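Quick notes on the structure that follows.
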Amino acid sequence: MAKNKTAYVCNECGQDFPRWQGQCNTCQAWNCITEVRLGTGTSATRTHQFAGYAGAAGSGTAKVQTLDKIDLNAQPRIASSFAELDRVLGGGIVPGSAILIGGHPGAGKSTLLLQTLCQLAQVMPALYVTGEESLQQVAMRAHRLGLPTANLNMLSETSVEAICDIALQEKPKVIVIDSIQVMHMSDVQSSPGSVSQVRESASYLTRFAKQQGIAIIMVGHVTKDGSLAGPKVLEHCIDCSVMFEGDSDSRYRTLRSHKNRFGAINELGVFAMTERGLKEVANPSAIFLSRGEEAASGSLVMVVWEGTRPLLVELQVLVDSSAMANPRRVAVGMDANRLAMLLAVMHRHGGLQMSDQDVFVNVVGGVKVSETSADLTLLLAMVSSFRGEILPRDLVVFGEVGLSGEIRPVPNGQERLIEAAKHGFTRAIVPKANVPKKSPPGMQVIGVSKLSQALEVL
Ligand code: TYD
Ligand code: MG
């Protein structure tokens, strides 16, 4: 009989240790390391698990084949009913994959997955496991949203072993687990929601998904600081991790992938929460561009590249003389270090001194911009606010700014310009190397190679 293995796991960050210790080396938290028993197939449930997996990997039937012989068409992706969700997942749900949808409570994860599964159940067997809401509550919501409820199998259960048993009988193609934090396994001795339970449940379900070819979508709640409970643990065992974000007081929700074994990351999907559930936003540029009636200084539109498509976003900068010895530099939706760096570049190469000014930067619509193409936009908006000059409303700007004041090209320049032209912009200031041979119709494109040149053009 195999020995039962134990591991010592930090409840705060999920780090493994070979023996117990008082403080976690990774997150420095005290008294958070607990012993976790890892089942090895000796307990009744584990033996049962492997009986269920007969014929799957490990049973001696696996054979070696060359990479080119592997049939790519065997498992086409499953199209969920939301094109935005499919795009974020890299083109649909991959059969046998484990997907984690994280988000704050009330973000709309259950609504999104219920809508998806009701539609999917019309064409393939699907199972919705709810551990948080009662079956009546889910049914009431589905009814209120006017969803087709006829074929969707529902299960109210929190034991992972029981769910897998039922899945083996029902043979669904897609399972939703709402949520992973309430799931538990009988041979893990800690309460549901603890890191060791979440970790064991998620990895058990992931193995089950792989071996049975069932796509499993798990809901994960995030903690106050925005990380998934048991973050490292979950991220490495699953295939895709997507976050469903948005303020509860805003209509809009964004879906973004943080890890994806089957597609590009940082794809952005946009949804609107309505009284009839979630609706896709086909043209997200339009909502992030909703500008006030009056033109104002310090406001400028940039084109950022989100995964595989361009997105027009408004950037606002307020420069105001500071009453403090250390003027404030605040960046919302952007990296504050980058702002500090750009201020230095502006001083050295643009000749504008702002050391006695407060600088506030805000990306409108709650979008987070991590791309360097926003550099030039930020600097020009800053100049506009500093001088109190209003910039033309049909102007769009993008480009990376280097430390010596040079304007560097960014990828996909042509597509960005086309997107801007589609939204009625007629003037663009872009890096010289991004100027296309033929400008989009109706658009005047000005190429600049130095910051000083951009300021002249302005
Ligand atoms: P829910 O899917 O329960 O969130 P989660 O599972 O992520 O915790 O969504 C709950 C929120 O969504 C709730 O605050 C109300 C809102 N909502 C609507 O505005 N319209 C709707 O049609 C539904 C179903 C929910
Ligand atoms: Mg929920």
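Every chain in the structure tokens has a letter given in the order shown (A, B, ...), and although residue numbers restart at 1 in each chain, ligands are simply numbered from 1 in the order shown.
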Nearby polymer residues, ligand 2, at most 10 Å, only C-alpha atoms and all ligand atoms, as a ChimeraX atom specification: /A:103-114,130-133,138,178-179,219-221
Identify, on the basis of only C-alpha atoms, every residue whose closest approach to A:Ala336 does not exceed 12 Å; exclude the query and any residue fewer than 3 positions from it along the same chain; express the result as JSON, numbers by chain. {"A": [328, 329, 330, 331, 332, 333, 339, 340, 341, 342, 343, 359, 360, 361, 362, 369, 370]}
Would you return as a list in words the members of stretch 359-412 of chain A that DSSP assigns to helix (DSSP H, G or I) on this structure's backbone? Val364, Gly365, Gly366, Thr372, Ser373, Ala374, Asp375, Leu376, Thr377, Leu378, Leu379, Leu380, Ala381, Met382, Val383, Ser384, Ser385, Phe386 and Arg387 of chain A
A:Val242, A:Ile177, A:Ala142, A:Met443: which is nearest A:Leu155, counting only C-alpha atoms?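 Selected residue with least distance to A:Leu155: A:Ile177.
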Nearby residues (only C-alpha atoms) at most 12 Å from A:Lys210, same-chain spacing under 5 positions excluded, as an MDAnalysis selection string: chainID A and resid 53 56:57 94:99 173 203:205 215:216 237:239
Could those selected residues go to a file with C-alpha atoms, as an mmCIF file, in the first residue's frame?
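This went into part03.cif:
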```
data_model
loop_
_atom_site.group_PDB
_atom_site.id
_atom_site.type_symbol
_atom_site.label_atom_id
_atom_site.label_comp_id
_atom_site.auth_asym_id
_atom_site.auth_seq_id
_atom_site.Cartn_x
_atom_site.Cartn_y
_atom_site.Cartn_z
ATOM 1 C CA TYR A 53 -10.854 6.690 -15.280
ATOM 2 C CA ALA A 56 -7.632 6.909 -19.686
ATOM 3 C CA ALA A 57 -4.009 7.911 -19.264
ATOM 4 C CA VAL A 94 -11.475 23.724 -26.035
ATOM 5 C CA PRO A 95 -12.949 20.318 -25.124
ATOM 6 C CA GLY A 96 -11.198 18.818 -22.108
ATOM 7 C CA SER A 97 -9.886 22.148 -20.887
ATOM 8 C CA ALA A 98 -10.163 23.668 -17.434
ATOM 9 C CA ILE A 99 -11.159 27.322 -17.433
ATOM 10 C CA LYS A 173 -19.605 18.074 -22.773
ATOM 11 C CA SER A 203 -6.528 20.028 -9.658
ATOM 12 C CA TYR A 204 -8.831 17.007 -9.301
ATOM 13 C CA LEU A 205 -11.393 18.653 -11.580
ATOM 14 C CA ALA A 215 -14.622 21.212 -20.635
ATOM 15 C CA ILE A 216 -14.932 22.412 -17.036
ATOM 16 C CA CYS A 237 -3.102 23.789 -12.866
ATOM 17 C CA ILE A 238 -5.788 25.269 -15.104
ATOM 18 C CA ASP A 239 -5.562 25.989 -18.848
#
```
Nearby residues (only C-alpha atoms) at most 10 Å from A:Val448, same-chain spacing under 6 positions excluded, as a list in words: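 Answer for this query is Gly399, Glu406, Ile407, Arg408, Pro409, Ile429, Val430, Pro431, Lys432, Ala433, Asn434, Val435, Ala454, Leu455, Glu456 and Val457 of chain A.
Atom pair atom CA of A:Thr149 / atom CA of A:Phe271: separated by 22.1 Å.
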